[in-house]
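Colleague: Dropping in query_21.csv, with CSV, C-alpha atoms.
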chain,number,residue,atom,x,y,z
A,1,MET,CA,20.9,-47.9,-20.1
A,2,LYS,CA,21.4,-51.1,-22.0
A,3,GLY,CA,19.6,-54.3,-22.0
A,4,ILE,CA,19.0,-57.6,-23.8
A,5,LEU,CA,16.4,-60.4,-23.9
A,6,GLY,CA,17.3,-64.0,-23.1
A,7,ARG,CA,16.2,-67.4,-21.7
A,8,LYS,CA,17.0,-68.8,-18.3
A,9,VAL,CA,19.0,-72.0,-18.8
A,10,GLY,CA,19.5,-73.1,-15.2
A,11,MET,CA,21.7,-72.9,-12.2
A,12,THR,CA,25.0,-74.4,-11.2
A,13,GLN,CA,28.0,-73.4,-9.2
A,14,VAL,CA,31.5,-72.2,-10.1
A,15,PHE,CA,34.6,-71.5,-8.0
A,16,GLU,CA,35.9,-68.0,-7.7
A,17,GLU,CA,39.0,-67.4,-5.5
A,18,GLY,CA,38.5,-70.7,-3.7
A,19,LEU,CA,34.8,-70.1,-2.9
A,20,ALA,CA,31.9,-71.8,-4.5
A,21,ILE,CA,29.4,-69.3,-5.8
A,22,PRO,CA,25.9,-70.1,-7.0
A,23,VAL,CA,25.2,-68.8,-10.5
A,24,THR,CA,22.5,-68.8,-13.1
A,25,VAL,CA,23.2,-69.3,-16.8
A,26,ILE,CA,21.2,-67.2,-19.2
A,27,GLU,CA,21.2,-67.7,-22.9
A,28,VAL,CA,21.0,-64.1,-24.2
A,29,GLY,CA,20.3,-62.9,-27.7
A,30,PRO,CA,21.3,-62.5,-30.3
A,31,CYS,CA,18.8,-59.6,-30.2
A,32,TYR,CA,18.0,-56.9,-32.8
A,33,VAL,CA,17.2,-53.3,-32.3
A,34,THR,CA,13.9,-53.3,-34.1
A,35,GLN,CA,12.8,-49.7,-33.6
A,36,LYS,CA,14.0,-46.4,-32.2
A,37,LYS,CA,11.6,-44.1,-30.4
A,38,ASP,CA,12.5,-40.4,-30.2
A,39,LEU,CA,11.0,-37.3,-28.6
A,40,LYS,CA,9.7,-35.9,-31.9
A,41,SER,CA,7.6,-38.8,-33.0
A,42,ASP,CA,6.9,-40.6,-29.7
A,43,GLY,CA,7.4,-38.1,-27.0
A,44,TYR,CA,10.0,-40.2,-25.2
A,45,THR,CA,13.3,-42.0,-26.1
A,46,ALA,CA,13.5,-45.7,-26.1
A,47,ILE,CA,14.7,-48.6,-28.3
A,48,GLN,CA,12.7,-51.7,-29.1
A,49,ILE,CA,14.5,-55.0,-28.8
A,50,GLY,CA,13.5,-58.3,-30.5
A,51,PHE,CA,14.7,-61.7,-29.6
A,52,ASP,CA,14.3,-65.4,-30.7
A,53,GLU,CA,14.2,-65.9,-34.5
A,54,THR,CA,11.3,-68.0,-35.6
A,55,SER,CA,9.3,-68.9,-38.6
A,56,HIS,CA,7.4,-66.0,-40.3
A,57,LYS,CA,4.3,-68.1,-39.9
A,58,ARG,CA,4.5,-67.8,-36.1
A,59,ILE,CA,4.0,-64.1,-35.8
A,60,SER,CA,1.3,-61.8,-36.8
A,61,LYS,CA,1.4,-60.1,-40.2
A,62,GLY,CA,1.5,-56.7,-38.5
A,63,GLU,CA,4.6,-57.6,-36.5
A,64,LEU,CA,6.2,-59.3,-39.5
A,65,GLN,CA,5.8,-56.2,-41.7
A,66,HIS,CA,7.2,-54.1,-38.9
A,67,LEU,CA,10.4,-56.2,-38.9
A,68,LYS,CA,10.5,-56.8,-42.6
A,69,GLN,CA,10.8,-53.0,-43.3
A,70,ASN,CA,14.2,-53.1,-41.8
A,71,GLN,CA,15.3,-56.5,-43.2
A,72,ILE,CA,15.1,-58.1,-39.7
A,73,PRO,CA,14.1,-61.8,-39.5
A,74,ALA,CA,10.9,-62.8,-37.8
A,75,LEU,CA,11.3,-62.5,-34.0
A,76,ARG,CA,9.1,-64.1,-31.4
A,77,HIS,CA,9.5,-61.5,-28.6
A,78,LEU,CA,9.7,-57.7,-28.8
A,79,SER,CA,10.4,-55.5,-25.7
A,80,GLU,CA,11.1,-51.9,-25.1
A,81,LEU,CA,14.0,-50.3,-23.2
A,82,ARG,CA,14.0,-46.7,-22.2
A,83,VAL,CA,17.3,-45.0,-23.1
A,84,ASN,CA,18.3,-41.4,-22.7
A,85,GLU,CA,18.8,-39.2,-25.8
A,86,GLU,CA,22.6,-39.5,-26.0
A,87,ASP,CA,22.5,-43.3,-25.8
A,88,LEU,CA,19.7,-43.4,-28.4
A,89,ALA,CA,22.1,-42.0,-31.0
A,90,GLY,CA,24.4,-45.0,-30.4
A,91,TYR,CA,21.8,-47.5,-31.6
A,92,THR,CA,20.8,-48.2,-35.2
A,93,VAL,CA,17.7,-50.1,-36.3
A,94,GLY,CA,18.7,-53.6,-37.4
A,95,GLN,CA,21.8,-53.6,-35.1
A,96,LYS,CA,22.6,-56.9,-33.4
A,97,LEU,CA,23.0,-57.0,-29.6
A,98,ASP,CA,24.8,-59.9,-27.9
A,99,ALA,CA,26.2,-60.9,-24.5
A,100,GLU,CA,29.2,-58.6,-25.0
A,101,ILE,CA,27.2,-55.5,-24.0
A,102,PHE,CA,27.9,-56.6,-20.5
A,103,ALA,CA,31.3,-57.1,-18.9
A,104,VAL,CA,32.4,-59.4,-16.1
A,105,GLY,CA,32.0,-57.8,-12.8
A,106,GLU,CA,29.2,-55.4,-13.9
A,107,LEU,CA,25.9,-55.3,-12.1
A,108,VAL,CA,22.7,-56.2,-13.9
A,109,ASP,CA,19.0,-56.4,-13.1
A,110,VAL,CA,17.1,-59.4,-14.3
A,111,ILE,CA,13.3,-59.2,-15.0
A,112,GLY,CA,11.2,-62.3,-15.5
A,113,THR,CA,7.9,-63.9,-14.7
A,114,SER,CA,8.0,-65.9,-11.6
A,115,LYS,CA,6.8,-69.5,-11.5
A,116,GLY,CA,3.0,-69.8,-11.0
A,117,ARG,CA,2.0,-71.3,-7.7
A,118,GLY,CA,-1.8,-71.2,-8.2
A,119,PHE,CA,-4.2,-70.3,-5.3
A,120,GLN,CA,-2.2,-70.5,-2.1
A,121,GLY,CA,-3.0,-69.9,1.6
A,122,GLY,CA,-1.5,-67.2,3.7
A,123,ILE,CA,1.2,-69.3,5.2
A,124,LYS,CA,2.9,-70.0,1.9
A,125,ARG,CA,2.0,-66.7,0.3
A,126,HIS,CA,2.8,-64.2,3.0
A,127,ASN,CA,4.7,-66.2,5.6
A,128,PHE,CA,1.8,-66.1,8.1
A,129,ASN,CA,2.3,-68.2,11.2
A,130,ARG,CA,0.5,-71.5,11.7
A,131,GLN,CA,-1.9,-71.9,14.6
A,132,PRO,CA,-1.4,-74.5,17.3
A,133,LYS,CA,-1.8,-78.1,16.2
A,134,SER,CA,-3.0,-79.2,19.7
A,135,HIS,CA,-5.2,-77.9,22.5
A,136,GLY,CA,-8.4,-78.6,20.6
A,137,ALA,CA,-7.5,-76.6,17.5
A,138,SER,CA,-7.8,-79.4,15.0
A,139,ASP,CA,-9.2,-77.6,11.9
A,140,ARG,CA,-7.6,-74.1,12.3
A,141,VAL,CA,-4.0,-75.0,11.9
A,142,ARG,CA,-3.3,-73.2,8.6
A,143,ALA,CA,-6.2,-70.7,8.8
A,144,PRO,CA,-5.3,-67.0,8.4
A,145,GLY,CA,-6.8,-65.9,11.7
A,146,SER,CA,-8.5,-62.6,12.2
A,147,ALA,CA,-8.7,-60.2,9.3
A,148,GLY,CA,-9.2,-57.1,11.4
A,149,SER,CA,-10.7,-55.5,14.5
A,150,GLY,CA,-14.4,-55.5,15.8
A,151,THR,CA,-17.3,-53.2,15.5
A,152,THR,CA,-14.8,-50.3,15.0
A,153,PRO,CA,-13.9,-50.1,12.1
A,154,GLY,CA,-16.4,-52.8,11.2
A,155,ARG,CA,-14.7,-53.7,8.0
A,156,THR,CA,-11.5,-55.3,6.8
A,157,MET,CA,-8.8,-52.8,5.9
A,158,LYS,CA,-7.8,-52.4,2.3
A,159,GLY,CA,-4.6,-54.2,1.5
A,160,GLN,CA,-5.1,-56.8,4.2
A,161,ARG,CA,-3.0,-59.8,3.1
A,162,GLY,CA,-4.7,-63.2,2.7
A,163,PRO,CA,-4.9,-66.3,0.5
A,164,GLY,CA,-4.9,-65.8,-3.2
A,165,HIS,CA,-3.1,-66.3,-6.4
A,166,MET,CA,0.7,-66.5,-6.0
A,167,GLY,CA,3.5,-66.3,-8.5
A,168,ASN,CA,3.2,-65.9,-12.3
A,169,ARG,CA,3.9,-62.2,-12.0
A,170,ARG,CA,6.6,-59.9,-13.1
A,171,VAL,CA,9.6,-60.0,-10.7
A,172,THR,CA,12.8,-57.9,-10.9
A,173,VAL,CA,15.9,-59.1,-9.1
A,174,GLN,CA,18.3,-56.2,-8.8
A,175,SER,CA,22.1,-55.9,-8.8
A,176,LEU,CA,23.4,-59.3,-9.7
A,177,SER,CA,27.0,-59.3,-10.7
A,178,VAL,CA,28.1,-60.8,-14.0
A,179,VAL,CA,30.4,-63.7,-13.6
A,180,ARG,CA,31.0,-64.9,-17.2
A,181,VAL,CA,30.4,-63.5,-20.6
A,182,ASP,CA,30.6,-65.6,-23.8
A,183,ALA,CA,29.3,-63.8,-26.8
A,184,GLU,CA,30.2,-66.7,-29.1
A,185,ARG,CA,27.7,-69.0,-27.4
A,186,ASN,CA,25.4,-66.2,-26.3
A,187,MET,CA,26.0,-67.1,-22.7
A,188,LEU,CA,25.7,-64.8,-19.7
A,189,VAL,CA,26.3,-66.1,-16.2
A,190,VAL,CA,25.2,-64.0,-13.2
A,191,ARG,CA,25.6,-64.6,-9.5
A,192,GLY,CA,22.5,-65.7,-7.7
A,193,ALA,CA,19.0,-66.7,-8.7
A,194,ILE,CA,16.6,-65.2,-11.2
A,195,PRO,CA,12.8,-65.5,-11.5
A,196,GLY,CA,11.0,-68.0,-13.6
A,197,PRO,CA,11.3,-71.6,-14.8
A,198,LYS,CA,14.1,-72.9,-17.0
A,199,GLY,CA,13.4,-71.7,-20.5
A,200,GLY,CA,11.5,-68.7,-19.2
A,201,LEU,CA,12.0,-65.4,-21.0
A,202,VAL,CA,14.0,-62.8,-19.1
A,203,PHE,CA,15.1,-59.3,-19.7
A,204,VAL,CA,18.6,-58.4,-18.5
A,205,ARG,CA,19.5,-54.7,-18.2
A,206,GLY,CA,22.2,-52.7,-16.6
A,207,ALA,CA,21.5,-52.3,-12.9
A,208,ARG,CA,19.5,-49.3,-11.7
A,209,LYS,CA,21.4,-49.2,-8.4
A,210,GLN,CA,25.2,-49.4,-8.9
A,211,GLY,CA,27.3,-50.7,-6.1
B,1,MET,CA,19.5,-84.1,-20.7
B,2,GLN,CA,21.6,-81.2,-19.6
B,3,HIS,CA,21.7,-78.0,-21.6
B,4,PRO,CA,25.0,-77.6,-23.5
B,5,LEU,CA,25.6,-74.2,-21.9
B,6,LEU,CA,25.3,-75.7,-18.4
B,7,GLN,CA,27.4,-78.6,-19.5
B,8,SER,CA,30.2,-76.2,-20.5
B,9,LEU,CA,30.4,-74.9,-16.9
B,10,GLU,CA,30.8,-78.3,-15.4
B,11,PRO,CA,34.2,-78.5,-13.7
B,12,GLU,CA,37.0,-80.8,-14.8
B,13,ALA,CA,38.0,-83.5,-12.4
B,14,HIS,CA,40.5,-82.3,-9.8
B,15,PRO,CA,43.9,-83.3,-10.9
B,16,ASN,CA,45.1,-84.4,-7.4
B,17,ILE,CA,42.1,-86.2,-6.3
B,18,PRO,CA,42.0,-89.9,-7.2
B,19,GLU,CA,38.7,-91.8,-7.5
B,20,LEU,CA,37.3,-92.0,-4.0
B,21,ARG,CA,35.5,-95.1,-2.8
B,22,ILE,CA,33.3,-95.2,0.2
B,23,GLY,CA,35.2,-96.5,3.2
B,24,ASP,CA,38.6,-95.4,1.9
B,25,THR,CA,41.0,-94.2,4.5
B,26,VAL,CA,42.3,-90.9,3.1
B,27,ARG,CA,44.6,-88.0,3.9
B,28,VAL,CA,43.1,-84.7,2.6
B,29,HIS,CA,45.5,-81.8,2.2
B,30,ALA,CA,43.3,-78.7,2.5
B,31,ARG,CA,44.5,-75.2,2.0
B,32,ILE,CA,43.4,-73.0,4.8
B,33,VAL,CA,43.3,-69.2,4.1
B,34,GLU,CA,43.8,-67.1,7.2
B,35,GLY,CA,43.7,-63.4,6.1
B,36,SER,CA,46.6,-63.2,3.7
B,37,ARG,CA,48.4,-66.3,5.0
B,38,GLU,CA,47.9,-69.7,3.5
B,39,ARG,CA,48.8,-73.0,5.1
B,40,ILE,CA,48.0,-76.6,4.4
B,41,GLN,CA,46.1,-78.7,6.9
B,42,VAL,CA,46.0,-82.5,6.7
B,43,PHE,CA,42.8,-84.3,7.7
B,44,GLN,CA,43.0,-88.0,7.8
B,45,GLY,CA,40.0,-90.3,8.2
B,46,VAL,CA,37.4,-92.5,6.5
B,47,VAL,CA,35.3,-91.4,3.6
B,48,ILE,CA,31.7,-92.0,4.8
B,49,ARG,CA,29.8,-90.3,2.0
B,50,VAL,CA,30.4,-89.2,-1.6
B,51,SER,CA,27.7,-87.1,-3.1
B,52,GLY,CA,27.7,-86.5,-6.8
B,53,SER,CA,30.6,-87.4,-9.1
B,54,ASP,CA,33.8,-85.8,-10.3
B,55,LYS,CA,31.9,-84.7,-13.4
B,56,THR,CA,29.1,-82.8,-11.7
B,57,ALA,CA,29.3,-79.3,-10.1
B,58,GLY,CA,28.5,-79.1,-6.4
B,59,SER,CA,29.6,-82.6,-5.5
B,60,ASN,CA,31.3,-83.3,-2.2
B,61,PHE,CA,32.6,-86.0,0.1
B,62,THR,CA,32.7,-86.4,3.9
B,63,VAL,CA,35.6,-87.7,5.9
B,64,ARG,CA,35.2,-88.9,9.4
B,65,ARG,CA,38.0,-89.2,11.9
B,66,VAL,CA,38.0,-89.8,15.6
B,67,ALA,CA,40.0,-87.1,17.3
B,68,SER,CA,41.3,-87.0,20.9
B,69,HIS,CA,39.1,-88.2,23.7
B,70,GLY,CA,37.1,-90.2,21.2
B,71,VAL,CA,35.3,-87.2,19.8
B,72,GLY,CA,34.2,-87.8,16.2
B,73,VAL,CA,35.0,-85.1,13.7
B,74,GLU,CA,33.5,-85.0,10.2
B,75,ARG,CA,34.5,-82.6,7.5
B,76,THR,CA,32.8,-82.2,4.2
B,77,PHE,CA,35.0,-81.2,1.3
B,78,MET,CA,33.9,-80.0,-2.1
B,79,LEU,CA,35.2,-82.3,-4.8
B,80,HIS,CA,36.2,-79.5,-7.2
B,81,SER,CA,37.4,-76.9,-4.7
B,82,PRO,CA,40.7,-75.4,-5.6
B,83,ARG,CA,41.3,-75.1,-1.9
B,84,ILE,CA,42.0,-78.9,-1.8
B,85,GLU,CA,45.7,-79.4,-2.5
B,86,LYS,CA,45.5,-83.2,-2.9
B,87,VAL,CA,44.0,-86.3,-1.5
B,88,GLU,CA,45.9,-89.5,-0.8
B,89,VAL,CA,44.2,-92.8,-0.6
B,90,LEU,CA,45.9,-94.8,2.1
B,91,ARG,CA,43.8,-98.0,1.9
B,92,HIS,CA,40.6,-99.3,0.5
B,93,ASN,CA,38.3,-100.8,3.2
B,94,LYS,CA,35.6,-103.4,2.6
B,95,VAL,CA,32.2,-101.9,3.1
B,96,ARG,CA,28.7,-102.9,2.0
B,97,ARG,CA,26.8,-99.6,1.9
B,98,SER,CA,27.3,-96.2,0.3
B,99,ARG,CA,26.7,-94.2,3.5
B,100,LEU,CA,28.7,-95.2,6.5
B,101,TYR,CA,26.6,-93.4,9.1
B,102,TYR,CA,26.6,-96.4,11.3
B,103,LEU,CA,30.2,-95.6,12.2
B,104,ARG,CA,29.0,-92.6,14.2
B,105,GLY,CA,27.5,-94.9,16.8
B,106,ARG,CA,30.6,-96.9,17.2
B,107,THR,CA,33.9,-96.3,19.0
B,108,GLY,CA,37.2,-98.1,19.5
B,109,LYS,CA,37.5,-101.6,18.1
B,110,ALA,CA,33.9,-101.7,16.8
B,111,ALA,CA,34.6,-98.8,14.5
B,112,ARG,CA,37.3,-100.5,12.6
B,113,LEU,CA,37.0,-101.5,8.9
B,114,LYS,CA,38.6,-104.4,7.1
B,115,GLU,CA,40.9,-103.7,4.2
B,116,VAL,CA,39.8,-105.0,0.9
B,117,GLY,CA,41.3,-108.4,0.0
B,118,LYS,CA,42.5,-109.2,3.5
Would you kindly transcribe this structure into structure tokens?
Modeller:
Amino acid sequence: MKGILGRKVGMTQVFEEGLAIPVTVIEVGPCYVTQKKDLKSDGYTAIQIGFDETSHKRISKGELQHLKQNQIPALRHLSELRVNEEDLAGYTVGQKLDAEIFAVGELVDVIGTSKGRGFQGGIKRHNFNRQPKSHGASDRVRAPGSAGSGTTPGRTMKGQRGPGHMGNRRVTVQSLSVVRVDAERNMLVVRGAIPGPKGGLVFVRGARKQG
Amino acid sequence: MQHPLLQSLEPEAHPNIPELRIGDTVRVHARIVEGSRERIQVFQGVVIRVSGSDKTAGSNFTVRRVASHGVGVERTFMLHSPRIEKVEVLRHNKVRRSRLYYLRGRTGKAARLKEVGK
């Protein structure tokens, strides 16, 4: 398993074999391996990845010292990636990761935080249907309708969908293919859309589901 | 302002497409792929819409022609598509708006355009 942190830059389109394909540009890395977790000391194997160099004043002293120990500059974001034992040996603390860990044609998963939509009704949030606009139903057009049955069971079922907060949650988009890789400019281009606003932090990892 | 990484993916202007003006009568040589075979189809008509420019990704233009039995046919081509072989501008017509949708409601003599400078 491999992964890297980055920022969503925006979408555009490129031509591949005569067809226009929609792509998202991600500015990935450079990232550092900031810590290795092994079975002996942590009970599982993982690497910690840091991204986005910043001023030492911007991060907590605890985090700063954690990075300083290994001569790594101050980084704004830290994130963990589970790796198996063999892969763990291939990483060293302080190692730099860039876009080149992925190759064109490879499949990746992109994890981000979706755009916050605030409190939304059932129609926008869960694709409920609207009620009739006419036949005397003037104020019920976008209402959710019934939330359940009658005296039996006499309550609303758990998990009943309804209005509420929408967006601003962790979203994973699986199996996007890599269209361009440019390590020099830290650019990764994937086919399709990814969650979050432009400038939003995203985590790109090798796809869980291949093919 | 556009992010430099996005800028770097913007396509270069198509070498065989001259600057298109609204109202131009053009011949578009489009490459048609049928399975493994490729052939070139020519579509001649009036440019009734150009969206975007030759510097932005995703821009396109629409060509209208009146086919047999007076049936109007409109095709939209992507300005940067490698499937376009070339575009010839046959004449510039005098028009006063950027979208010539009014041509759709006209047939025969009423649908003619005057050439620029004549």
Colleague: Quick one: distance from atom CA of Ile84 of chain B to atom CA of Thr107 of chain B in Å, one decimal?
Modeller: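 Answer for the atom CA of Ile84 of chain B to atom CA of Thr107 of chain B separation: 28.3 Å.
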Colleague: Check the smallest atom-to-atom distance from each of B:Val116, B:Ile32, B:Leu90, B:Ile48 to chain A using all atoms listed in the file, then report the winner.
Modeller: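 Comparing B:Val116, B:Ile32, B:Leu90, B:Ile48 against chain A, the winner is B:Ile32.
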Colleague: May I have the residues of chain B within 9 Å of chain A, counting all atoms listed in the file, written as JSON, numbers by chain?
Modeller: {"B": [3, 5, 6, 9, 10, 11, 57, 58, 78, 80, 81, 82, 83]}
Colleague: Would you mind telling me which residue in B:Val28, B:Leu79, B:Lys109, B:Arg64 lies nearest to Gly52 of chain B when using all atoms listed in the file?
Modeller: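 Ranking B:Val28, B:Leu79, B:Lys109, B:Arg64 by distance to Gly52 of chain B, first place goes to B:Leu79.
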Colleague: Residues within 7 Å of Arg191 of chain A, please, as an MDAnalysis selection string. Count all atoms listed in the file; anything in the same chain fewer than 3 positions from it doesn't count.
Modeller: chainID A and resid 22:24 176:179
Colleague: Give me, as an MDAnalysis selection string, all polymer residues having an atom no more than 10 Å from segment 141-149 of chain A, counting all atoms listed in the file and skipping those fewer than 6 positions away in the same chain.
Modeller: chainID A and resid 121:124 128:134 155:157 160:163
Colleague: Contacts of Ala103 of chain A at 9 Å or less, counting all atoms listed in the file, minus same-chain residues fewer than 3 places along, as a PyMOL selection string?
Modeller: chain A and resi 99-100+106-107+178-181
Colleague: So which residues touch segment 117-120 of chain A within 6 Å, counting all atoms listed in the file, skipping near sequence neighbours fewer than 2 positions away, as a list in words?
Modeller: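 Contacts, in chain order: Pro163, Gly164, His165, Met166 and Gly167 of chain A.
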Colleague: Expressed in Å to a single decimal, how great is the separation between atom CA of Arg104 of chain B and atom CA of Ser68 of chain B?
Modeller: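 Here the two named atoms are 15.1 Å from each other.
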Colleague: As an exercise, work out the distance from atom CA of Leu75 of chain A to atom CA of Glu53 of chain A in Å and give it to one decimal place.
Modeller: 4.5 Å
Colleague: Please list as a list in words every residue within 8 Å of His92 of chain B, counting only C-alpha atoms and excluding residues in the same chain fewer than 3 positions away.
Modeller: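 Contacts, in chain order: Arg21, Gly23, Asp24, Thr25, Val89, Glu115 and Val116 of chain B.
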Colleague: With distances taken over all atoms listed in the file, which residue among B:Ala110, B:Phe43, B:Pro15, B:Val66 lies nearest Arg27 of chain B?
Modeller: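 The answer is B:Phe43, which sits nearest to Arg27 of chain B.
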Colleague: Compare B:Lys86, B:Gly72, B:Lys118, B:Val33 by their minimum atom-to-atom distance to Leu103 of chain B, counting only C-alpha atoms, and give me the closest one.
Modeller: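 Under the stated criterion, the closest residue is B:Gly72.
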Colleague: So, counting all atoms listed in the file, which residue among A:Asn84, A:Gln65, A:Ser41, A:Gln35 is closest to Met1 of chain A?
Modeller: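 Looking at the shortest contact to Met1 of chain A, the residue is A:Asn84.
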Colleague: Under the rule that all atoms listed in the file are counted, which of B:Val95, B:Val73, B:Val87, B:Val50 is the nearest residue to Arg31 of chain B?
Modeller: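 Under the stated criterion, the closest residue is B:Val87.
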Colleague: Once you count only C-alpha atoms, which residues end up no further than 8 Å from (14.8, -51.1, -23.1) in the file's frame, shown as a PyMOL selection string?
Modeller: chain A and resi 1-4+46-49+79-83+205
